[in-house]
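I have placed the structure first, in the form of C-alpha cells, so that the comments after it can refer back to it.
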Amino acid sequence: MTPDRTPPLHDALVARLKADLTPVRPLWAPSVRLAWWLVLAGSVIAIAMEIGLRHDLATQLRRPLYLLQLGTLLGAGTAAAGAAFRGAVPGRENRPMGYLGLVLGLLSGAVVLSEPAADAVSVGRFMESGLQCAFCVTLFGLLPWVVMLAAVARGAPLEGGATGAQAGGAAFAIGAVAVRVACPIDDPLHVLTWHMAPVLVWTALSAAVGSVWLMRWRRVARWIPPRYGPA
Amino acid sequence: MESGDPDEGGSRRAGLMAGAQQGDSSAYGELLNEIGPMVMSFVRRRVRDADDAQDAYQEVFMALHRARHTYDPSRPLEPWLFAIARRVAGDHERRRIVRRTREVLIDCPPEIAIEDGAPLKPRLEQALRGLSAAQREAIELLKLDGLPTESAAAAAGTTAGALKVRAHRAYKLLRQLL
C-alpha cells in the first residue's frame, strides 16, 4: 500500500530500490576497525624503533617528558582515528573525539617546547636533517593513511572533509611518533618544524582528499522517475 | 502499518533493516513504505521548495540504499536514518540558497536563434520532454496557454514567485537543449 504523505515518485522509487537490493555484509563496529588499525600503527612504530638512529631509546623511555610527548602524540592519533572510523557510520559521528585529538596534538607540541634547546646549528644542517625527518614522517604515515582512507571509504561518511582531516591527522601523528622514536635530535625547533608541522600539512591535504574522495558514495547518478522521463 | 508503541515500532524497523541487509526485498519494501512519511515530513521541515524537497526525498532514499551496509542491526535505526536525511536535506537547502543568490528572475524567455530549415515544433516538443513536470507545466501555462503570471500560479497551485523560478529554470534548460 502506498503510504500517505509521500511524494508521487515514492512507489516507483521503492520498486526500483527493491529491484536493486542485494545482500550486504554489515560493516565491522568502529571500535573493532580502530583496534585493527592500531595493530598496523603499532607495527609501523615498532619498525621505526628497530631501524631508527636513536641508540639511547631505552634511556629516553625512562624520561617523563619524552614519554609525555610520545603519549600525547599517540593519544592524539588514536583519538583522531577513532573519530574518523566513527565518522564513516551515519549517526555515530563523534566530534568531541576529533577535538580531543587536536587538543592532545597541541599539548604534545607544548611538551616539546618545554624541552631544553640544543646548540645552534647552521641553516644548511637544520634543513638537511629536517627534510630527512619530514620525509620519514610522510613515509611512516603513508601506509596507515592509505589503509585508513580505504577503510573509511568502505563506510558512508557524511562529512568527507572532516573525516579526511581526522584520518590524515591520525595516520601522520603515528608517522610523527615513529620518527620521534627513530630520530636522535631532541631540539624543540627541529621536532616542531620537521616532525609535527608535516602532520598539519598532511592533515590539511587529507581533508581536501577526503572532501572529494570520501563523498563518492553520495554521488550516485540521479535516478529520474518515469513520470519525469521522456514520454 | 506503523506500530502504536514507538519502542516497538523502532525495533520492528531495525528488524526490517536487518532483513534488508540479508537481501529480503519484502522486508525492505515494508521498511521504505513505513519510513517514507517520516522522511518526507523531516525533509519538508528543512527544504522550503516543494520540488527540491521531492529531490531531497529521493536522494535520502538513494543514500540510505547505498549506505545500508553501515547500519548496525543491534542499534536503533532512527539515528542512522536521520543523520543521512539531515545531511542530504542540509545540502539541498545550501544549494538552493547559493542558487538563489545567483539567479536573476526574468519574465520573458530568452530569444533563441533557429537554424534555417530546422523545424521548431518537434525540437521544442523533444526539449520540453527534458524538463521536470513542474517546469513543463510552468512553460505550458505561461507561454503556450498565455496566462498571466498570477493566473498561471493559481492554476499550478503555487505562488507567482515560485512559478517564475520554475519558468526561469525551464528557460535556462531549454536554452541548453535547443
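Note on naming: chains are A, B, ... as they come in the C-alpha cells, residues start from 1 per chain, ligands start from 1 in the order shown.
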
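For chain B, the residues having at least one atom no farther than 6 Å from chain A, when counting only C-alpha atoms, are B:Gln21, B:Gln22, B:Gly23, B:Ser25, B:Gly36, B:Pro37, B:Ala67, B:His69, B:Thr70, B:Pro79, B:Trp80, B:Ala83, B:Arg129, B:Ser132, B:Ala133.
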
Using only C-alpha atoms, which residues sit within 8 Å of Phe85 of chain A once same-chain residues fewer than 6 positions away are excluded, as a list in words?
Pro30, Ser31, Arg33, Leu34, Ala151 and Val152 of chain A

Excluding same-chain residues fewer than 6 positions from Thr78 of chain A, what lies within 9 Å of it counting only C-alpha atoms, as an MDAnalysis selection string?
chainID A and resid 34 38 101 170 173:174

Option closest in space to Tyr57 of chain B, from B:Leu81, B:Ala167, B:Leu32, B:Ala89 [counting only C-alpha atoms]
B:Ala89

To test your reading of the structure, identify every residue in segment 56-170 of chain A that backbone DSSP assigns to helix (DSSP H, G or I), and report it as a ChimeraX atom specification.
/A:57-60,64-87,95-113,123-153,160-170

What gap, in Å, lies between atom CA of Ala76 of chain A and atom CA of Gly105 of chain A?
5.3 Å

What's around Thr163 of chain A at 10 Å? Count only C-alpha atoms, leave out sequence neighbours fewer than 6 positions away in its own chain, and write the answer as number ranges by chain.
A: 80-81, 83-88, 93, 95, 98, 149, 152-153, 157, 169, 206-207, 210-211, 214

Go ahead and write the selection's residues with C-alpha atoms as a short mmCIF file (atom, residue, chain, number, x, y, z; two decimals), in the first residue's frame.
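After the write, out-v6.cif holds the following:
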data_model
loop_
_atom_site.label_atom_id
_atom_site.label_comp_id
_atom_site.auth_asym_id
_atom_site.auth_seq_id
_atom_site.Cartn_x
_atom_site.Cartn_y
_atom_site.Cartn_z
CA ALA A 80 41.59 11.14 15.60
CA ALA A 81 41.48 7.59 14.25
CA ALA A 83 36.72 9.89 15.25
CA ALA A 84 37.46 9.00 11.61
CA PHE A 85 36.15 5.44 11.94
CA ARG A 86 33.01 6.67 13.69
CA GLY A 87 32.61 9.37 11.04
CA ALA A 88 32.26 6.62 8.45
CA GLU A 93 29.94 10.80 14.31
CA ARG A 95 33.19 15.47 17.05
CA GLY A 98 38.17 14.64 17.00
CA LEU A 149 41.19 6.16 3.92
CA VAL A 152 36.68 4.84 5.92
CA ALA A 153 35.64 4.92 2.26
CA PRO A 157 30.97 9.30 5.71
CA GLY A 169 45.83 13.63 11.45
CA SER A 206 43.90 14.70 3.69
CA ALA A 207 40.90 16.96 4.38
CA GLY A 210 38.50 13.40 1.88
CA SER A 211 36.09 16.11 0.81
CA LEU A 214 35.20 10.07 0.70
#

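Between atom CA of Ala56 of chain B and atom CA of Arg175 of chain B the separation is 25.5 Å.
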
Shell of 8 Å around Val212 of chain A, only C-alpha atoms, local chain residues under 4 positions omitted, as an NGL selection string
:A and (160-161 or 208 or 216)

Just want the 9 Å neighbourhood of Phe42 of chain B, counted on only C-alpha atoms, with same-chain residues fewer than 3 positions away dropped. Output as a PyMOL selection string.
chain B and resi 37-39+45-47+82+85-86+89

Nearest candidate to Ser43 of chain A (options A:Pro198, A:Gly175, A:Pro188, A:Pro64; using only C-alpha atoms)
A:Gly175
